[in-house]
$ cat target-v2.csv   # CSV, C-alpha atoms
chain,number,residue,atom,x,y,z
X,1,ASN,CA,-9.9,-4.6,29.4
X,2,LYS,CA,-9.5,-5.1,33.1
X,3,ARG,CA,-11.5,-8.3,33.1
X,4,LEU,CA,-9.2,-9.9,30.6
X,5,VAL,CA,-6.1,-8.7,32.5
X,6,LYS,CA,-7.5,-10.2,35.7
X,7,MET,CA,-8.2,-13.5,34.0
X,8,VAL,CA,-4.7,-13.7,32.5
X,9,ARG,CA,-3.2,-13.0,35.9
X,10,HIS,CA,-5.3,-15.7,37.5
X,11,ILE,CA,-4.1,-18.2,34.8
X,12,LEU,CA,-0.5,-17.3,35.4
X,13,LYS,CA,-1.1,-17.6,39.2
X,14,VAL,CA,-1.9,-21.3,39.0
X,15,LEU,CA,0.5,-22.5,36.3
X,16,PRO,CA,3.0,-25.2,37.6
X,17,GLU,CA,6.0,-23.3,36.3
X,18,SER,CA,7.5,-20.6,38.6
X,19,ILE,CA,6.8,-17.2,37.1
X,20,LEU,CA,8.3,-14.0,38.3
X,21,ILE,CA,7.7,-10.5,36.8
X,22,GLN,CA,10.0,-7.6,37.4
X,23,SER,CA,8.9,-4.1,36.5
X,24,PHE,CA,10.7,-0.8,36.5
X,25,ASP,CA,9.5,1.5,39.3
X,26,ALA,CA,9.9,5.1,38.2
X,27,ASP,CA,9.7,6.4,41.8
X,28,ALA,CA,12.3,4.0,43.1
X,29,GLN,CA,14.3,4.1,39.9
X,30,ASP,CA,14.8,0.4,40.2
X,31,PHE,CA,13.3,-2.9,39.2
X,32,ILE,CA,10.9,-4.4,41.7
X,33,VAL,CA,9.0,-7.7,41.9
X,34,SER,CA,5.6,-7.0,40.6
X,35,PHE,CA,4.2,-10.5,40.3
X,36,LEU,CA,4.8,-14.0,41.7
X,37,ASN,CA,2.6,-17.0,41.0
X,38,ASN,CA,1.9,-19.7,43.5
X,39,SER,CA,4.8,-21.9,42.4
X,40,ALA,CA,7.4,-19.1,42.5
X,41,SER,CA,6.2,-18.2,46.0
X,42,THR,CA,6.6,-21.8,47.1
X,43,VAL,CA,9.8,-22.7,45.4
X,44,LEU,CA,11.9,-19.6,44.7
X,45,VAL,CA,11.0,-16.4,46.5
X,46,LYS,CA,9.6,-17.7,49.7
X,47,TYR,CA,10.3,-14.8,52.0
X,48,GLU,CA,7.5,-12.5,53.2
X,49,GLN,CA,6.1,-9.5,51.3
X,50,PRO,CA,8.4,-9.5,48.2
X,51,ILE,CA,5.9,-7.7,46.0
X,52,GLY,CA,6.7,-4.1,45.3
X,53,LYS,CA,10.3,-4.3,46.4
X,54,PRO,CA,13.6,-5.2,44.7
X,55,LEU,CA,14.6,-8.9,44.7
X,56,PHE,CA,16.6,-9.5,47.9
X,57,ASP,CA,19.2,-12.3,47.2
X,58,GLU,CA,20.2,-12.5,50.9
X,59,LYS,CA,16.6,-13.6,51.8
X,60,LEU,CA,16.6,-16.5,49.3
X,61,ASP,CA,17.2,-20.0,50.7
X,62,PHE,CA,19.2,-21.2,47.7
X,63,ILE,CA,22.2,-20.1,45.6
X,64,VAL,CA,22.7,-20.1,41.8
X,65,GLN,CA,25.7,-22.3,41.7
X,66,ASP,CA,26.1,-22.8,38.0
X,67,VAL,CA,24.7,-21.1,34.9
X,68,LYS,CA,24.9,-21.8,31.2
X,69,LEU,CA,23.9,-18.4,29.7
X,70,ASP,CA,22.1,-17.9,26.5
X,71,LYS,CA,24.4,-17.3,23.5
X,72,GLN,CA,22.6,-13.9,23.0
X,73,ILE,CA,24.2,-12.6,26.1
X,74,GLU,CA,27.4,-11.7,24.2
X,75,HIS,CA,29.3,-10.2,27.1
X,76,PHE,CA,29.9,-13.7,28.5
X,77,GLN,CA,30.7,-15.6,25.3
X,78,SER,CA,34.4,-15.3,26.0
X,79,GLN,CA,33.9,-17.2,29.2
X,80,GLY,CA,32.3,-20.1,27.5
X,81,ASN,CA,28.8,-19.0,28.6
X,82,GLU,CA,29.2,-20.6,32.0
X,83,LEU,CA,29.3,-18.9,35.4
X,84,ARG,CA,29.3,-20.1,39.0
X,85,GLN,CA,28.0,-18.7,42.2
X,86,MET,CA,25.9,-16.0,40.5
X,87,MET,CA,23.2,-14.1,42.4
X,88,LEU,CA,19.7,-14.6,41.0
X,89,SER,CA,19.1,-10.8,40.7
X,90,SER,CA,22.3,-10.5,38.6
X,91,LEU,CA,21.2,-13.3,36.4
X,92,LEU,CA,17.8,-11.7,35.8
X,93,ASP,CA,19.5,-8.4,35.1
X,94,LYS,CA,21.6,-10.0,32.4
X,95,HIS,CA,18.5,-11.4,30.8
X,96,GLN,CA,16.8,-8.1,30.9
X,97,GLN,CA,19.8,-6.3,29.4
X,98,ALA,CA,19.8,-8.8,26.5
X,99,LEU,CA,16.0,-8.3,26.0
X,100,SER,CA,16.5,-4.5,26.0
X,101,ASP,CA,18.9,-5.0,23.0
X,102,HIS,CA,15.9,-6.2,21.0
X,103,CYS,CA,16.1,-9.9,21.7
X,104,ASP,CA,12.7,-11.6,21.6
X,105,GLN,CA,13.5,-14.2,24.2
X,106,VAL,CA,16.4,-15.3,26.3
X,107,MET,CA,16.9,-18.7,27.8
X,108,SER,CA,19.6,-20.0,30.2
X,109,ILE,CA,20.1,-23.3,32.1
X,110,VAL,CA,20.3,-22.6,35.8
X,111,GLU,CA,21.5,-25.0,38.6
X,112,THR,CA,20.5,-24.1,42.1
X,113,ARG,CA,21.4,-25.5,45.5
X,114,THR,CA,19.6,-25.1,48.8
X,115,LEU,CA,21.3,-23.2,51.6
X,116,ASP,CA,19.8,-25.5,54.3
X,117,PRO,CA,22.8,-26.6,56.4
X,118,SER,CA,21.0,-29.7,57.7
X,119,THR,CA,20.7,-31.2,54.2
X,120,ASP,CA,23.3,-33.8,53.3
X,121,SER,CA,24.0,-35.7,50.2
X,122,ASN,CA,22.3,-39.0,49.7
X,123,THR,CA,24.0,-42.4,49.6
X,124,ASP,CA,24.8,-41.9,45.9
X,125,GLY,CA,26.7,-38.7,46.7
X,126,GLU,CA,24.1,-36.7,44.9
X,127,ASN,CA,22.6,-33.6,46.6
X,128,LYS,CA,18.8,-34.0,46.6
X,129,ASP,CA,18.4,-30.3,46.9
X,130,THR,CA,20.1,-29.5,43.6
X,131,ARG,CA,17.6,-28.3,41.1
X,132,PHE,CA,18.0,-27.5,37.4
X,133,TYR,CA,15.8,-24.9,35.6
X,134,GLU,CA,15.3,-23.6,32.1
X,135,LEU,CA,15.0,-19.9,32.7
X,136,LYS,CA,13.1,-18.2,29.9
X,137,SER,CA,12.7,-14.4,29.9
X,138,GLN,CA,10.8,-12.0,27.6
X,139,HIS,CA,9.6,-8.4,27.6
X,140,ILE,CA,5.9,-8.0,28.4
X,141,ASN,CA,3.4,-5.2,28.9
X,142,TYR,CA,2.3,-5.3,32.5
X,143,TYR,CA,0.0,-2.5,33.6
X,144,PRO,CA,0.6,0.0,35.2
X,145,PHE,CA,4.4,-0.2,34.5
X,146,GLU,CA,6.1,1.0,31.4
X,147,ARG,CA,8.8,-1.7,31.4
X,148,SER,CA,8.3,-5.2,32.6
X,149,PHE,CA,10.0,-8.6,32.1
X,150,MET,CA,8.5,-12.0,32.7
X,151,HIS,CA,10.9,-14.8,33.9
X,152,VAL,CA,9.6,-18.4,33.7
X,153,PHE,CA,11.5,-21.1,35.6
X,154,VAL,CA,10.8,-24.6,34.1
X,155,ASP,CA,12.0,-27.3,36.4
X,156,VAL,CA,14.0,-29.8,34.3
X,157,THR,CA,15.7,-31.6,37.1
X,158,ASP,CA,14.4,-35.1,36.3
X,159,THR,CA,15.3,-34.7,32.6
X,160,LYS,CA,18.8,-33.5,33.5
X,161,LYS,CA,19.5,-36.3,35.9
X,162,TYR,CA,18.2,-38.9,33.3
X,163,GLU,CA,20.6,-37.5,30.7
X,164,GLN,CA,23.5,-37.6,33.2
X,165,GLN,CA,22.6,-41.2,34.1
X,166,ARG,CA,22.3,-42.2,30.4
X,167,THR,CA,25.8,-40.7,29.7
X,168,VAL,CA,27.3,-42.7,32.6
X,169,ASN,CA,25.7,-45.9,31.3
X,170,GLU,CA,27.0,-45.3,27.8
X,171,LEU,CA,30.5,-44.7,29.2
X,172,LEU,CA,30.3,-47.9,31.3
X,173,HIS,CA,29.1,-49.9,28.2
X,174,LEU,CA,32.0,-48.5,26.2
X,175,MET,CA,34.5,-49.4,28.9
X,176,PHE,CA,33.3,-53.0,29.3
X,177,SER,CA,33.2,-53.5,25.6
X,178,SER,CA,36.8,-52.3,25.3
X,179,VAL,CA,37.9,-54.5,28.2
X,180,SER,CA,36.1,-57.5,26.8
X,181,HIS,CA,37.7,-57.0,23.4
X,182,GLU,CA,41.2,-56.7,24.9
X,183,PHE,CA,40.8,-60.1,26.8
X,184,ARG,CA,38.9,-61.9,24.0
X,185,THR,CA,41.4,-61.3,21.2
X,186,PRO,CA,44.4,-63.0,22.9
X,187,LEU,CA,42.3,-65.8,24.2
X,188,ASN,CA,40.9,-66.5,20.7
X,189,ALA,CA,44.5,-66.6,19.3
X,190,PHE,CA,45.6,-69.0,22.1
X,191,THR,CA,42.5,-71.3,21.5
X,192,ASN,CA,43.1,-71.3,17.7
X,193,SER,CA,46.7,-72.3,18.2
X,194,LEU,CA,45.7,-75.2,20.4
X,195,PHE,CA,43.2,-76.4,17.7
X,196,MET,CA,46.0,-76.2,15.1
X,197,LEU,CA,48.4,-78.2,17.2
X,198,GLU,CA,45.8,-80.8,17.9
X,199,ALA,CA,44.9,-81.1,14.2
X,200,ASN,CA,48.5,-81.3,12.9
X,201,TYR,CA,50.1,-83.3,15.7
X,202,LYS,CA,47.2,-85.5,16.9
X,203,GLN,CA,49.2,-88.8,16.5
X,204,VAL,CA,52.2,-87.4,18.3
X,205,ILE,CA,50.1,-86.1,21.2
X,206,GLU,CA,48.3,-89.4,21.5
X,207,ALA,CA,51.6,-91.3,21.6
X,208,PHE,CA,53.0,-89.0,24.2
X,209,ILE,CA,49.9,-89.5,26.4
X,210,ASN,CA,50.0,-93.3,26.0
X,211,ALA,CA,53.7,-93.4,26.9
X,212,HIS,CA,53.1,-91.5,30.1
X,213,ALA,CA,50.1,-93.6,30.9
X,214,ASP,CA,52.1,-96.9,30.5
X,215,GLU,CA,54.9,-95.4,32.7
X,216,ALA,CA,52.4,-94.5,35.3
X,217,ARG,CA,51.0,-98.1,35.4
X,218,LYS,CA,54.5,-99.5,36.1

$ encode --input "target-v2.csv" --output "structure tokens"
Amino acid sequence: NKRLVKMVRHILKVLPESILIQSFDADAQDFIVSFLNNSASTVLVKYEQPIGKPLFDEKLDFIVQDVKLDKQIEHFQSQGNELRQMMLSSLLDKHQQALSDHCDQVMSIVETRTLDPSTDSNTDGENKDTRFYELKSQHINYYPFERSFMHVFVDVTDTKKYEQQRTVNELLHLMFSSVSHEFRTPLNAFTNSLFMLEANYKQVIEAFINAHADEARK
């Protein structure tokens, strides 16, 4: 139903998540970008006329600087599922390979950083152009292509930074609690000793104080 297909494409076009569809072009014998929604065109693939061509990493204005790959991508399990400085096209290829092995869905955590040289870190030492995404990929039917994969980039930057800040706060709380305990314990022992001396030798202490007071008056 062409009308239904058109409606679905329109819905995908306006979703806030960045959606990129790659399809296998039989003529070119390569995967090409067959669909980008408005968000993907604004945030990810911003160069001109990407549709109908392979994804050009050199034209992107960001790099994938850290990746935590889905556990289903078995080839990378020996590396702890983490990679650095990976090209976006290579990452999408890994997802598509896993999906071709009969996985229903693949998800990875992706950290990107802008390539704009004029961008500096803010006063907290945090790069404002570092973004975190949940990349979810699955196999779809996308007419007129026989093989297509949809990649959805969900921006989780705010959530990630909140989790990092919460971890820092918990560590600071643990540190101050430990320091407070280390100082409080010897101080309590010292205070208790003074109270014991005062209770047991109160008359001796008073006599000592009075003797020094009389001597001072002379």

$ residues_near_point --input "target-v2.csv" --point "(13.3, -19.3, 48.9)" --cutoff "9 Å" --atoms "only C-alpha atoms" --output "PyMOL selection string"
chain X and resi 40-47+59-62+114

$ closest_residue --input "target-v2.csv" --among "X:Gln165, X:Ser100, X:Ser108, X:Ser177" --to "His151 of chain X" --atoms "all atoms listed in the file"
X:Ser108

$ residues_around --input "target-v2.csv" --residues "Asp158 of chain X" --least-positions-apart "5" --cutoff "12 Å" --atoms "only C-alpha atoms" --output "count of residues only"
8

$ residues_around --input "target-v2.csv" --residues "segment 27-36 of chain X" --least-positions-apart "2" --cutoff "8 Å" --atoms "only C-alpha atoms" --output "PyMOL selection string"
chain X and resi 13+18-25+38-41+50-55

$ residues_around --input "target-v2.csv" --residues "Asp57 of chain X" --least-positions-apart "3" --cutoff "8 Å" --atoms "only C-alpha atoms" --output "mmCIF file with C-alpha atoms, keeping the file's coordinate frame"
data_model
loop_
_atom_site.group_PDB
_atom_site.id
_atom_site.type_symbol
_atom_site.label_atom_id
_atom_site.label_comp_id
_atom_site.auth_asym_id
_atom_site.auth_seq_id
_atom_site.Cartn_x
_atom_site.Cartn_y
_atom_site.Cartn_z
ATOM 1 C CA LEU X 60 16.600 -16.500 49.300
ATOM 2 C CA MET X 87 23.200 -14.100 42.400
ATOM 3 C CA LEU X 88 19.700 -14.600 41.000
ATOM 4 C CA SER X 89 19.100 -10.800 40.700
#

$ closest_residue --input "target-v2.csv" --among "X:Asp101, X:Glu170, X:Glu58, X:Glu134" --to "Leu115 of chain X" --atoms "all atoms listed in the file"
X:Glu58

$ atom_distance --input "target-v2.csv" --atom1 "atom CA of Val64 of chain X" --atom2 "atom CA of Val110 of chain X"
6.9 Å

$ atom_distance --input "target-v2.csv" --atom1 "atom CA of Arg147 of chain X" --atom2 "atom CA of Val5 of chain X"
16.5 Å

$ atom_distance --input "target-v2.csv" --atom1 "atom CA of Gln138 of chain X" --atom2 "atom CA of Asp93 of chain X"
12.0 Å

$ build_atoms --input "target-v2.csv" --residues "segment 12-42 of chain X" --atoms "N, CA and C atoms" --output "PDB file, in the frame of the given file"
ATOM      1  N   LEU X  12      -1.903 -17.246  35.110  1.00  0.00           N
ATOM      2  CA  LEU X  12      -0.500 -17.300  35.400  1.00  0.00           C
ATOM      3  C   LEU X  12      -0.267 -17.709  36.888  1.00  0.00           C
ATOM      4  N   LYS X  13      -1.195 -17.325  37.752  1.00  0.00           N
ATOM      5  CA  LYS X  13      -1.100 -17.600  39.200  1.00  0.00           C
ATOM      6  C   LYS X  13      -1.029 -19.110  39.467  1.00  0.00           C
ATOM      7  N   VAL X  14      -1.775 -19.883  38.696  1.00  0.00           N
ATOM      8  CA  VAL X  14      -1.900 -21.300  39.000  1.00  0.00           C
ATOM      9  C   VAL X  14      -1.088 -22.217  38.113  1.00  0.00           C
ATOM     10  N   LEU X  15      -0.318 -21.646  37.191  1.00  0.00           N
ATOM     11  CA  LEU X  15       0.500 -22.500  36.300  1.00  0.00           C
ATOM     12  C   LEU X  15       1.585 -23.208  37.188  1.00  0.00           C
ATOM     13  N   PRO X  16       1.971 -24.438  36.808  1.00  0.00           N
ATOM     14  CA  PRO X  16       3.000 -25.200  37.600  1.00  0.00           C
ATOM     15  C   PRO X  16       4.370 -24.617  37.508  1.00  0.00           C
ATOM     16  N   GLU X  17       4.706 -23.934  36.402  1.00  0.00           N
ATOM     17  CA  GLU X  17       6.000 -23.300  36.300  1.00  0.00           C
ATOM     18  C   GLU X  17       6.086 -22.095  37.214  1.00  0.00           C
ATOM     19  N   SER X  18       7.287 -21.812  37.699  1.00  0.00           N
ATOM     20  CA  SER X  18       7.500 -20.600  38.600  1.00  0.00           C
ATOM     21  C   SER X  18       7.629 -19.397  37.699  1.00  0.00           C
ATOM     22  N   ILE X  19       6.762 -18.414  37.945  1.00  0.00           N
ATOM     23  CA  ILE X  19       6.800 -17.200  37.100  1.00  0.00           C
ATOM     24  C   ILE X  19       7.002 -15.985  38.028  1.00  0.00           C
ATOM     25  N   LEU X  20       7.971 -15.181  37.630  1.00  0.00           N
ATOM     26  CA  LEU X  20       8.300 -14.000  38.300  1.00  0.00           C
ATOM     27  C   LEU X  20       8.356 -12.823  37.337  1.00  0.00           C
ATOM     28  N   ILE X  21       7.667 -11.724  37.658  1.00  0.00           N
ATOM     29  CA  ILE X  21       7.700 -10.500  36.800  1.00  0.00           C
ATOM     30  C   ILE X  21       8.354  -9.405  37.535  1.00  0.00           C
ATOM     31  N   GLN X  22       9.330  -8.817  36.860  1.00  0.00           N
ATOM     32  CA  GLN X  22      10.000  -7.600  37.400  1.00  0.00           C
ATOM     33  C   GLN X  22       9.614  -6.425  36.546  1.00  0.00           C
ATOM     34  N   SER X  23       9.317  -5.323  37.222  1.00  0.00           N
ATOM     35  CA  SER X  23       8.900  -4.100  36.500  1.00  0.00           C
ATOM     36  C   SER X  23       9.742  -2.931  37.028  1.00  0.00           C
ATOM     37  N   PHE X  24       9.935  -1.964  36.141  1.00  0.00           N
ATOM     38  CA  PHE X  24      10.700  -0.800  36.500  1.00  0.00           C
ATOM     39  C   PHE X  24       9.822   0.209  37.247  1.00  0.00           C
ATOM     40  N   ASP X  25      10.197   0.517  38.490  1.00  0.00           N
ATOM     41  CA  ASP X  25       9.500   1.500  39.300  1.00  0.00           C
ATOM     42  C   ASP X  25      10.093   2.856  39.105  1.00  0.00           C
ATOM     43  N   ALA X  26       9.337   3.771  38.495  1.00  0.00           N
ATOM     44  CA  ALA X  26       9.900   5.100  38.200  1.00  0.00           C
ATOM     45  C   ALA X  26      10.194   5.879  39.473  1.00  0.00           C
ATOM     46  N   ASP X  27       9.428   5.661  40.529  1.00  0.00           N
ATOM     47  CA  ASP X  27       9.700   6.400  41.800  1.00  0.00           C
ATOM     48  C   ASP X  27      10.964   5.898  42.448  1.00  0.00           C
ATOM     49  N   ALA X  28      11.136   4.586  42.485  1.00  0.00           N
ATOM     50  CA  ALA X  28      12.300   4.000  43.100  1.00  0.00           C
ATOM     51  C   ALA X  28      13.522   3.978  42.191  1.00  0.00           C
ATOM     52  N   GLN X  29      13.275   4.196  40.885  1.00  0.00           N
ATOM     53  CA  GLN X  29      14.300   4.100  39.900  1.00  0.00           C
ATOM     54  C   GLN X  29      15.067   2.763  39.969  1.00  0.00           C
ATOM     55  N   ASP X  30      14.273   1.715  40.103  1.00  0.00           N
ATOM     56  CA  ASP X  30      14.800   0.400  40.200  1.00  0.00           C
ATOM     57  C   ASP X  30      13.771  -0.631  39.816  1.00  0.00           C
ATOM     58  N   PHE X  31      14.235  -1.855  39.486  1.00  0.00           N
ATOM     59  CA  PHE X  31      13.300  -2.900  39.200  1.00  0.00           C
ATOM     60  C   PHE X  31      12.776  -3.551  40.466  1.00  0.00           C
ATOM     61  N   ILE X  32      11.469  -3.798  40.494  1.00  0.00           N
ATOM     62  CA  ILE X  32      10.900  -4.400  41.700  1.00  0.00           C
ATOM     63  C   ILE X  32      10.133  -5.688  41.239  1.00  0.00           C
ATOM     64  N   VAL X  33       9.853  -6.546  42.195  1.00  0.00           N
ATOM     65  CA  VAL X  33       9.000  -7.700  41.900  1.00  0.00           C
ATOM     66  C   VAL X  33       7.591  -7.298  41.896  1.00  0.00           C
ATOM     67  N   SER X  34       6.972  -7.403  40.726  1.00  0.00           N
ATOM     68  CA  SER X  34       5.600  -7.000  40.600  1.00  0.00           C
ATOM     69  C   SER X  34       4.593  -8.112  40.536  1.00  0.00           C
ATOM     70  N   PHE X  35       5.091  -9.347  40.342  1.00  0.00           N
ATOM     71  CA  PHE X  35       4.200 -10.500  40.300  1.00  0.00           C
ATOM     72  C   PHE X  35       4.951 -11.773  40.620  1.00  0.00           C
ATOM     73  N   LEU X  36       4.335 -12.630  41.416  1.00  0.00           N
ATOM     74  CA  LEU X  36       4.800 -14.000  41.700  1.00  0.00           C
ATOM     75  C   LEU X  36       3.619 -14.924  41.626  1.00  0.00           C
ATOM     76  N   ASN X  37       3.733 -16.023  40.895  1.00  0.00           N
ATOM     77  CA  ASN X  37       2.600 -17.000  41.000  1.00  0.00           C
ATOM     78  C   ASN X  37       2.836 -17.919  42.151  1.00  0.00           C
ATOM     79  N   ASN X  38       1.893 -18.822  42.332  1.00  0.00           N
ATOM     80  CA  ASN X  38       1.900 -19.700  43.500  1.00  0.00           C
ATOM     81  C   ASN X  38       3.182 -20.548  43.569  1.00  0.00           C
ATOM     82  N   SER X  39       3.604 -21.061  42.404  1.00  0.00           N
ATOM     83  CA  SER X  39       4.800 -21.900  42.400  1.00  0.00           C
ATOM     84  C   SER X  39       6.046 -21.144  42.737  1.00  0.00           C
ATOM     85  N   ALA X  40       6.184 -19.928  42.209  1.00  0.00           N
ATOM     86  CA  ALA X  40       7.400 -19.100  42.500  1.00  0.00           C
ATOM     87  C   ALA X  40       7.415 -18.755  44.000  1.00  0.00           C
ATOM     88  N   SER X  41       6.248 -18.492  44.586  1.00  0.00           N
ATOM     89  CA  SER X  41       6.200 -18.200  46.000  1.00  0.00           C
ATOM     90  C   SER X  41       6.547 -19.346  46.880  1.00  0.00           C
ATOM     91  N   THR X  42       6.309 -20.557  46.367  1.00  0.00           N
ATOM     92  CA  THR X  42       6.600 -21.800  47.100  1.00  0.00           C
ATOM     93  C   THR X  42       7.994 -22.280  46.952  1.00  0.00           C
TER      94      THR X  42
END
